[in-house]
>>> print(open('final-v9.txt').read())   # compact mmCIF, N, CA and C atoms
# COMPACT_ATOMS: atom_id res chain seq x y z
N VAL V 1 9.97 6.03 14.13
CA VAL V 1 10.62 7.32 14.12
C VAL V 1 11.63 7.34 15.25
N ILE V 2 12.84 7.81 14.95
CA ILE V 2 13.85 8.05 15.98
C ILE V 2 14.01 9.56 16.08
N ALA V 3 13.59 10.13 17.20
CA ALA V 3 13.70 11.57 17.43
C ALA V 3 15.05 11.82 18.10
N SER V 4 15.99 12.39 17.35
CA SER V 4 17.36 12.53 17.84
C SER V 4 17.73 13.93 18.29
N ALA V 5 16.81 14.85 18.21
CA ALA V 5 17.11 16.23 18.60
C ALA V 5 17.08 16.38 20.12
N THR V 6 17.75 17.40 20.62
CA THR V 6 17.68 17.76 22.02
C THR V 6 16.45 18.65 22.18
N VAL V 7 15.45 18.15 22.92
CA VAL V 7 14.17 18.86 23.04
C VAL V 7 13.68 18.85 24.48
N ASP V 8 12.66 19.64 24.73
CA ASP V 8 11.95 19.63 26.01
C ASP V 8 11.47 18.20 26.27
N PRO V 9 11.77 17.63 27.43
CA PRO V 9 11.37 16.26 27.72
C PRO V 9 9.87 15.99 27.65
N ALA V 10 9.03 17.02 27.66
CA ALA V 10 7.58 16.82 27.53
C ALA V 10 7.17 16.51 26.10
N LEU V 11 7.97 16.90 25.13
CA LEU V 11 7.59 16.73 23.73
C LEU V 11 7.51 15.28 23.27
N PRO V 12 8.46 14.41 23.59
CA PRO V 12 8.36 13.03 23.10
C PRO V 12 7.07 12.32 23.50
N GLU V 13 6.54 12.60 24.66
CA GLU V 13 5.27 11.99 25.06
C GLU V 13 4.15 12.43 24.12
N GLN V 14 4.14 13.70 23.76
CA GLN V 14 3.14 14.21 22.82
C GLN V 14 3.32 13.57 21.45
N TRP V 15 4.56 13.48 21.00
CA TRP V 15 4.84 12.88 19.68
C TRP V 15 4.41 11.42 19.66
N GLU V 16 4.74 10.68 20.73
CA GLU V 16 4.39 9.26 20.75
C GLU V 16 2.88 9.07 20.63
N ALA V 17 2.12 9.88 21.34
CA ALA V 17 0.66 9.77 21.29
C ALA V 17 0.14 10.03 19.88
N ARG V 18 0.65 11.04 19.23
CA ARG V 18 0.20 11.37 17.86
C ARG V 18 0.62 10.30 16.86
N LEU V 19 1.85 9.81 16.98
CA LEU V 19 2.33 8.78 16.08
C LEU V 19 1.56 7.47 16.27
N ALA V 20 1.24 7.14 17.52
CA ALA V 20 0.52 5.90 17.81
C ALA V 20 -0.84 5.87 17.13
N GLU V 21 -1.45 7.03 16.94
CA GLU V 21 -2.73 7.10 16.24
C GLU V 21 -2.62 6.56 14.82
N HIS V 22 -1.41 6.54 14.29
CA HIS V 22 -1.16 6.08 12.92
C HIS V 22 -0.37 4.78 12.89
N GLY V 23 -0.22 4.14 14.05
CA GLY V 23 0.49 2.88 14.12
C GLY V 23 2.00 3.01 13.99
N ILE V 24 2.53 4.20 14.29
CA ILE V 24 3.96 4.46 14.16
C ILE V 24 4.59 4.47 15.54
N LEU V 25 5.73 3.80 15.67
CA LEU V 25 6.45 3.72 16.94
C LEU V 25 7.48 4.84 17.04
N LEU V 26 7.82 5.20 18.28
CA LEU V 26 8.78 6.28 18.52
C LEU V 26 9.90 5.81 19.43
N ILE V 27 11.12 6.18 19.07
CA ILE V 27 12.26 6.11 19.97
C ILE V 27 12.64 7.55 20.29
N ASP V 28 12.61 7.89 21.57
CA ASP V 28 13.09 9.18 22.05
C ASP V 28 14.60 8.98 22.21
N GLY V 29 15.38 9.42 21.21
CA GLY V 29 16.80 9.07 21.19
C GLY V 29 17.74 10.19 20.83
N PRO V 30 17.85 11.20 21.70
CA PRO V 30 18.83 12.24 21.41
C PRO V 30 20.25 11.66 21.39
N VAL V 31 21.11 12.34 20.66
CA VAL V 31 22.47 11.84 20.44
C VAL V 31 23.51 12.79 21.03
N SER V 32 24.70 12.24 21.20
CA SER V 32 25.85 13.01 21.66
C SER V 32 27.07 12.49 20.90
N GLY V 33 28.01 13.40 20.66
CA GLY V 33 29.23 12.97 20.01
C GLY V 33 29.81 13.94 19.02
N GLY V 34 29.02 14.85 18.51
CA GLY V 34 29.53 15.84 17.57
C GLY V 34 29.66 15.34 16.15
N ALA V 35 30.05 16.24 15.27
CA ALA V 35 30.11 15.96 13.84
C ALA V 35 31.09 14.85 13.48
N LYS V 36 32.24 14.84 14.11
CA LYS V 36 33.26 13.83 13.78
C LYS V 36 32.74 12.43 14.09
N LYS V 37 32.19 12.24 15.28
CA LYS V 37 31.67 10.92 15.64
C LYS V 37 30.45 10.56 14.80
N ALA V 38 29.65 11.53 14.43
CA ALA V 38 28.50 11.26 13.57
C ALA V 38 28.97 10.72 12.22
N ALA V 39 29.97 11.34 11.65
CA ALA V 39 30.50 10.90 10.36
C ALA V 39 31.09 9.49 10.44
N GLU V 40 31.58 9.11 11.61
CA GLU V 40 32.20 7.80 11.80
C GLU V 40 31.21 6.75 12.30
N GLY V 41 29.93 7.15 12.52
CA GLY V 41 28.94 6.20 13.06
C GLY V 41 29.21 5.83 14.50
N GLN V 42 29.79 6.77 15.25
CA GLN V 42 30.19 6.48 16.62
C GLN V 42 29.49 7.36 17.65
N MET V 43 28.25 7.72 17.36
CA MET V 43 27.49 8.54 18.30
C MET V 43 27.11 7.74 19.55
N THR V 44 26.70 8.45 20.57
CA THR V 44 26.07 7.86 21.74
C THR V 44 24.60 8.27 21.70
N VAL V 45 23.71 7.31 21.88
CA VAL V 45 22.27 7.59 21.86
C VAL V 45 21.71 7.31 23.24
N MET V 46 21.00 8.28 23.78
CA MET V 46 20.32 8.16 25.07
C MET V 46 18.85 7.92 24.75
N ALA V 47 18.42 6.67 24.75
CA ALA V 47 17.13 6.33 24.15
C ALA V 47 16.12 5.73 25.12
N SER V 48 14.87 6.04 24.84
CA SER V 48 13.76 5.37 25.52
C SER V 48 12.69 5.08 24.49
N GLY V 49 11.96 4.00 24.74
CA GLY V 49 10.90 3.59 23.83
C GLY V 49 10.46 2.18 24.17
N SER V 50 9.39 1.77 23.55
CA SER V 50 8.87 0.43 23.80
C SER V 50 9.82 -0.63 23.25
N ALA V 51 9.66 -1.85 23.74
CA ALA V 51 10.47 -2.96 23.22
C ALA V 51 10.26 -3.12 21.72
N ALA V 52 9.03 -2.95 21.28
CA ALA V 52 8.73 -3.07 19.84
C ALA V 52 9.44 -1.99 19.04
N ALA V 53 9.48 -0.76 19.58
CA ALA V 53 10.17 0.33 18.89
C ALA V 53 11.67 0.06 18.81
N PHE V 54 12.25 -0.42 19.92
CA PHE V 54 13.68 -0.75 19.89
C PHE V 54 13.96 -1.87 18.89
N ALA V 55 13.12 -2.87 18.82
CA ALA V 55 13.33 -3.97 17.88
C ALA V 55 13.34 -3.47 16.44
N LYS V 56 12.43 -2.57 16.12
CA LYS V 56 12.36 -2.02 14.75
C LYS V 56 13.54 -1.09 14.46
N ALA V 57 13.95 -0.30 15.47
CA ALA V 57 14.96 0.72 15.25
C ALA V 57 16.39 0.21 15.41
N ARG V 58 16.58 -0.98 15.95
CA ARG V 58 17.92 -1.48 16.26
C ARG V 58 18.90 -1.39 15.10
N PRO V 59 18.54 -1.76 13.87
CA PRO V 59 19.52 -1.66 12.77
C PRO V 59 20.02 -0.23 12.54
N VAL V 60 19.12 0.73 12.66
CA VAL V 60 19.52 2.13 12.47
C VAL V 60 20.38 2.60 13.65
N LEU V 61 19.95 2.27 14.85
CA LEU V 61 20.72 2.67 16.03
C LEU V 61 22.13 2.10 15.98
N ASP V 62 22.25 0.84 15.58
CA ASP V 62 23.57 0.21 15.50
C ASP V 62 24.43 0.84 14.41
N ALA V 63 23.81 1.37 13.37
CA ALA V 63 24.56 2.00 12.28
C ALA V 63 25.10 3.38 12.65
N ILE V 64 24.40 4.07 13.54
CA ILE V 64 24.81 5.45 13.86
C ILE V 64 25.55 5.58 15.18
N ALA V 65 25.51 4.53 16.00
CA ALA V 65 26.04 4.68 17.35
C ALA V 65 26.87 3.48 17.78
N THR V 66 27.88 3.76 18.59
CA THR V 66 28.62 2.68 19.24
C THR V 66 28.07 2.41 20.63
N LYS V 67 27.34 3.39 21.17
CA LYS V 67 26.73 3.23 22.49
C LYS V 67 25.26 3.63 22.40
N VAL V 68 24.38 2.71 22.77
CA VAL V 68 22.95 3.00 22.84
C VAL V 68 22.49 2.66 24.25
N GLY V 69 22.16 3.69 24.99
CA GLY V 69 21.61 3.47 26.33
C GLY V 69 20.12 3.28 26.23
N GLU V 70 19.64 2.09 26.56
CA GLU V 70 18.20 1.82 26.59
C GLU V 70 17.72 2.18 27.99
N LEU V 71 17.09 3.32 28.12
CA LEU V 71 16.82 3.93 29.42
C LEU V 71 15.42 3.68 29.96
N GLY V 72 14.61 2.95 29.26
CA GLY V 72 13.25 2.69 29.71
C GLY V 72 12.27 2.79 28.58
N ASP V 73 11.00 2.56 28.90
CA ASP V 73 10.01 2.53 27.84
C ASP V 73 9.16 3.80 27.74
N ALA V 74 9.31 4.72 28.67
CA ALA V 74 8.50 5.94 28.65
C ALA V 74 9.14 7.02 27.79
N PRO V 75 8.36 7.63 26.89
CA PRO V 75 8.91 8.73 26.10
C PRO V 75 9.27 9.89 27.03
N GLY V 76 10.37 10.54 26.73
CA GLY V 76 10.84 11.66 27.53
C GLY V 76 12.05 11.33 28.39
N ILE V 77 12.28 10.04 28.65
CA ILE V 77 13.45 9.67 29.45
C ILE V 77 14.74 10.02 28.70
N GLY V 78 14.80 9.68 27.42
CA GLY V 78 15.99 10.01 26.63
C GLY V 78 16.24 11.50 26.61
N ALA V 79 15.19 12.29 26.40
CA ALA V 79 15.32 13.75 26.37
C ALA V 79 15.77 14.28 27.72
N THR V 80 15.26 13.71 28.81
CA THR V 80 15.65 14.14 30.15
C THR V 80 17.12 13.87 30.40
N VAL V 81 17.58 12.69 30.03
CA VAL V 81 18.99 12.35 30.23
C VAL V 81 19.88 13.27 29.39
N LYS V 82 19.46 13.59 28.18
CA LYS V 82 20.23 14.49 27.32
C LYS V 82 20.34 15.87 27.95
N VAL V 83 19.25 16.38 28.51
CA VAL V 83 19.28 17.69 29.16
C VAL V 83 20.24 17.68 30.34
N VAL V 84 20.21 16.63 31.12
CA VAL V 84 21.13 16.51 32.25
C VAL V 84 22.57 16.42 31.74
N HIS V 85 22.79 15.68 30.66
CA HIS V 85 24.11 15.52 30.06
C HIS V 85 24.69 16.86 29.58
N GLN V 86 23.83 17.71 29.09
CA GLN V 86 24.27 19.01 28.56
C GLN V 86 24.89 19.80 29.68
>>> encode(input="final-v9.txt", output="structure tokens")
Amino acid sequence: VIASATVDPALPEQWEARLAEHGILLIDGPVSGGAKKAAEGQMTVMASGSAAAFAKARPVLDAIATKVGELGDAPGIGATVKVVHQ
């Protein structure tokens, strides 16, 4: 799962725990760029997640974004950076 919404940074940690119960990986990956860049596949993603999650999500991330910041492995880092960016 790639969570791309701008959310409270505490939420991705909760989501990751619930998803892990089902063997599902999470990328905390809010986006920036607006509608025009989204349509062109040129978003910026501020992402955090495990190496395994990044490996699985890389094809999707590369399709939607020209810039993917891999910010660490803890859920909530991407959301925190997005809040600061706002």
>>> residues_around(input="final-v9.txt", residues="Gly76 (chain V)", least_positions_apart="3", cutoff="6.5 Å", atoms="only N, CA and C atoms", output="number ranges by chain")
V: 9-13, 28, 48, 79-81
>>> residues_near_point(input="final-v9.txt", point="(16.7, 9.1, 26.7)", cutoff="8 Å", atoms="all atoms listed in the file", output="list in words")
Ile27, Asp28, Gly29, Pro30, Val45, Met46, Ala47, Ser48, Gly49, Gly69, Glu70, Leu71, Gly72, Ala74, Pro75, Gly76, Ile77, Gly78, Ala79, Thr80, Val81, Lys82 and Val83 of chain V
>>> atom_distance(input="final-v9.txt", atom1="CA of Gly41 (chain V)", atom2="CA of Ala53 (chain V)")
20.5 Å
>>> atom_distance(input="final-v9.txt", atom1="atom C of Gln14 (chain V)", atom2="atom C of Lys37 (chain V)")
28.1 Å
>>> atom_distance(input="final-v9.txt", atom1="CA of Glu21 (chain V)", atom2="atom C of Ser50 (chain V)")
16.3 Å
>>> closest_residue(input="final-v9.txt", among="V:Val84, V:Leu25, V:Val1, V:Ala65", to="Glu40 (chain V)", atoms="only N, CA and C atoms")
V:Ala65
>>> closest_residue(input="final-v9.txt", among="V:Val7, V:Ala52, V:Arg18, V:Arg58", to="Val31 (chain V)", atoms="only C-alpha atoms")
V:Val7
>>> residues_around(input="final-v9.txt", residues="Gln42 (chain V)", least_positions_apart="2", cutoff="8 Å", atoms="only N, CA and C atoms", output="JSON list (two decimals) with N, CA and C atoms, in the frame of the given file")
[["chain", "number", "residue", "atom", "x", "y", "z"],
["V", 32, "SER", "N", 24.70, 12.24, 21.20],
["V", 32, "SER", "CA", 25.85, 13.01, 21.66],
["V", 32, "SER", "C", 27.07, 12.49, 20.90],
["V", 33, "GLY", "N", 28.01, 13.40, 20.66],
["V", 33, "GLY", "CA", 29.23, 12.97, 20.01],
["V", 33, "GLY", "C", 29.81, 13.94, 19.02],
["V", 34, "GLY", "N", 29.02, 14.85, 18.51],
["V", 34, "GLY", "CA", 29.53, 15.84, 17.57],
["V", 34, "GLY", "C", 29.66, 15.34, 16.15],
["V", 36, "LYS", "N", 32.24, 14.84, 14.11],
["V", 36, "LYS", "CA", 33.26, 13.83, 13.78],
["V", 36, "LYS", "C", 32.74, 12.43, 14.09],
["V", 37, "LYS", "N", 32.19, 12.24, 15.28],
["V", 37, "LYS", "CA", 31.67, 10.92, 15.64],
["V", 37, "LYS", "C", 30.45, 10.56, 14.80],
["V", 38, "ALA", "N", 29.65, 11.53, 14.43],
["V", 38, "ALA", "CA", 28.50, 11.26, 13.57],
["V", 38, "ALA", "C", 28.97, 10.72, 12.22],
["V", 39, "ALA", "N", 29.97, 11.34, 11.65],
["V", 39, "ALA", "CA", 30.50, 10.90, 10.36],
["V", 39, "ALA", "C", 31.09, 9.49, 10.44],
["V", 40, "GLU", "N", 31.58, 9.11, 11.61],
["V", 40, "GLU", "CA", 32.20, 7.80, 11.80],
["V", 40, "GLU", "C", 31.21, 6.75, 12.30],
["V", 44, "THR", "N", 26.70, 8.45, 20.57],
["V", 44, "THR", "CA", 26.07, 7.86, 21.74],
["V", 44, "THR", "C", 24.60, 8.27, 21.70],
["V", 45, "VAL", "N", 23.71, 7.31, 21.88],
["V", 45, "VAL", "CA", 22.27, 7.59, 21.86],
["V", 45, "VAL", "C", 21.71, 7.31, 23.24],
["V", 63, "ALA", "N", 23.81, 1.37, 13.37],
["V", 63, "ALA", "CA", 24.56, 2.00, 12.28],
["V", 63, "ALA", "C", 25.10, 3.38, 12.65],
["V", 64, "ILE", "N", 24.40, 4.07, 13.54],
["V", 64, "ILE", "CA", 24.81, 5.45, 13.86],
["V", 64, "ILE", "C", 25.55, 5.58, 15.18],
["V", 65, "ALA", "N", 25.51, 4.53, 16.00],
["V", 65, "ALA", "CA", 26.04, 4.68, 17.35],
["V", 65, "ALA", "C", 26.87, 3.48, 17.78],
["V", 66, "THR", "N", 27.88, 3.76, 18.59],
["V", 66, "THR", "CA", 28.62, 2.68, 19.24],
["V", 66, "THR", "C", 28.07, 2.41, 20.63],
["V", 67, "LYS", "N", 27.34, 3.39, 21.17],
["V", 67, "LYS", "CA", 26.73, 3.23, 22.49],
["V", 67, "LYS", "C", 25.26, 3.63, 22.40]]
>>> select_by_dssp(input="final-v9.txt", residues="chain V", states="alpha helix (DSSP H)", output="compact mmCIF listing (two decimals) with N, CA and C atoms, in the frame of the given file")
# COMPACT_ATOMS: atom_id res chain seq x y z
N LEU V 11 7.97 16.90 25.13
CA LEU V 11 7.59 16.73 23.73
C LEU V 11 7.51 15.28 23.27
N PRO V 12 8.46 14.41 23.59
CA PRO V 12 8.36 13.03 23.10
C PRO V 12 7.07 12.32 23.50
N GLU V 13 6.54 12.60 24.66
CA GLU V 13 5.27 11.99 25.06
C GLU V 13 4.15 12.43 24.12
N GLN V 14 4.14 13.70 23.76
CA GLN V 14 3.14 14.21 22.82
C GLN V 14 3.32 13.57 21.45
N TRP V 15 4.56 13.48 21.00
CA TRP V 15 4.84 12.88 19.68
C TRP V 15 4.41 11.42 19.66
N GLU V 16 4.74 10.68 20.73
CA GLU V 16 4.39 9.26 20.75
C GLU V 16 2.88 9.07 20.63
N ALA V 17 2.12 9.88 21.34
CA ALA V 17 0.66 9.77 21.29
C ALA V 17 0.14 10.03 19.88
N ARG V 18 0.65 11.04 19.23
CA ARG V 18 0.20 11.37 17.86
C ARG V 18 0.62 10.30 16.86
N LEU V 19 1.85 9.81 16.98
CA LEU V 19 2.33 8.78 16.08
C LEU V 19 1.56 7.47 16.27
N ALA V 20 1.24 7.14 17.52
CA ALA V 20 0.52 5.90 17.81
C ALA V 20 -0.84 5.87 17.13
N GLY V 34 29.02 14.85 18.51
CA GLY V 34 29.53 15.84 17.57
C GLY V 34 29.66 15.34 16.15
N ALA V 35 30.05 16.24 15.27
CA ALA V 35 30.11 15.96 13.84
C ALA V 35 31.09 14.85 13.48
N LYS V 36 32.24 14.84 14.11
CA LYS V 36 33.26 13.83 13.78
C LYS V 36 32.74 12.43 14.09
N LYS V 37 32.19 12.24 15.28
CA LYS V 37 31.67 10.92 15.64
C LYS V 37 30.45 10.56 14.80
N ALA V 38 29.65 11.53 14.43
CA ALA V 38 28.50 11.26 13.57
C ALA V 38 28.97 10.72 12.22
N ALA V 39 29.97 11.34 11.65
CA ALA V 39 30.50 10.90 10.36
C ALA V 39 31.09 9.49 10.44
N ALA V 51 9.66 -1.85 23.74
CA ALA V 51 10.47 -2.96 23.22
C ALA V 51 10.26 -3.12 21.72
N ALA V 52 9.03 -2.95 21.28
CA ALA V 52 8.73 -3.07 19.84
C ALA V 52 9.44 -1.99 19.04
N ALA V 53 9.48 -0.76 19.58
CA ALA V 53 10.17 0.33 18.89
C ALA V 53 11.67 0.06 18.81
N PHE V 54 12.25 -0.42 19.92
CA PHE V 54 13.68 -0.75 19.89
C PHE V 54 13.96 -1.87 18.89
N ALA V 55 13.12 -2.87 18.82
CA ALA V 55 13.33 -3.97 17.88
C ALA V 55 13.34 -3.47 16.44
N LYS V 56 12.43 -2.57 16.12
CA LYS V 56 12.36 -2.02 14.75
C LYS V 56 13.54 -1.09 14.46
N ALA V 57 13.95 -0.30 15.47
CA ALA V 57 14.96 0.72 15.25
C ALA V 57 16.39 0.21 15.41
N ARG V 58 16.58 -0.98 15.95
CA ARG V 58 17.92 -1.48 16.26
C ARG V 58 18.90 -1.39 15.10
N PRO V 59 18.54 -1.76 13.87
CA PRO V 59 19.52 -1.66 12.77
C PRO V 59 20.02 -0.23 12.54
N VAL V 60 19.12 0.73 12.66
CA VAL V 60 19.52 2.13 12.47
C VAL V 60 20.38 2.60 13.65
N LEU V 61 19.95 2.27 14.85
CA LEU V 61 20.72 2.67 16.03
C LEU V 61 22.13 2.10 15.98
N ASP V 62 22.25 0.84 15.58
CA ASP V 62 23.57 0.21 15.50
C ASP V 62 24.43 0.84 14.41
N ALA V 63 23.81 1.37 13.37
CA ALA V 63 24.56 2.00 12.28
C ALA V 63 25.10 3.38 12.65
N ILE V 64 24.40 4.07 13.54
CA ILE V 64 24.81 5.45 13.86
C ILE V 64 25.55 5.58 15.18
N ILE V 77 12.28 10.04 28.65
CA ILE V 77 13.45 9.67 29.45
C ILE V 77 14.74 10.02 28.70
N GLY V 78 14.80 9.68 27.42
CA GLY V 78 15.99 10.01 26.63
C GLY V 78 16.24 11.50 26.61
N ALA V 79 15.19 12.29 26.40
CA ALA V 79 15.32 13.75 26.37
C ALA V 79 15.77 14.28 27.72
N THR V 80 15.26 13.71 28.81
CA THR V 80 15.65 14.14 30.15
C THR V 80 17.12 13.87 30.40
N VAL V 81 17.58 12.69 30.03
CA VAL V 81 18.99 12.35 30.23
C VAL V 81 19.88 13.27 29.39
N LYS V 82 19.46 13.59 28.18
CA LYS V 82 20.23 14.49 27.32
C LYS V 82 20.34 15.87 27.95
N VAL V 83 19.25 16.38 28.51
CA VAL V 83 19.28 17.69 29.16
C VAL V 83 20.24 17.68 30.34
N VAL V 84 20.21 16.63 31.12
CA VAL V 84 21.13 16.51 32.25
C VAL V 84 22.57 16.42 31.74
N HIS V 85 22.79 15.68 30.66
CA HIS V 85 24.11 15.52 30.06
C HIS V 85 24.69 16.86 29.58
>>> axis_aligned_box(input="final-v9.txt", around="region 12-31 of chain V", padding_each_side="6 Å", output="AutoDock Vina command-line options")
--center_x 10.4 --center_y 8.6 --center_z 19.0 --size_x 38.2 --size_y 23.5 --size_z 24.2
>>> select_by_dssp(input="final-v9.txt", residues="chain V", states="strand (DSSP E or B)", output="list in words")
Ile2, Ala3, Ile27, Asp28, Val31, Ser32, Met43, Thr44, Val45, Met46, Ala47, Ser48, Gly49, Ala65, Thr66, Lys67, Val68, Gly69 and Glu70 of chain V
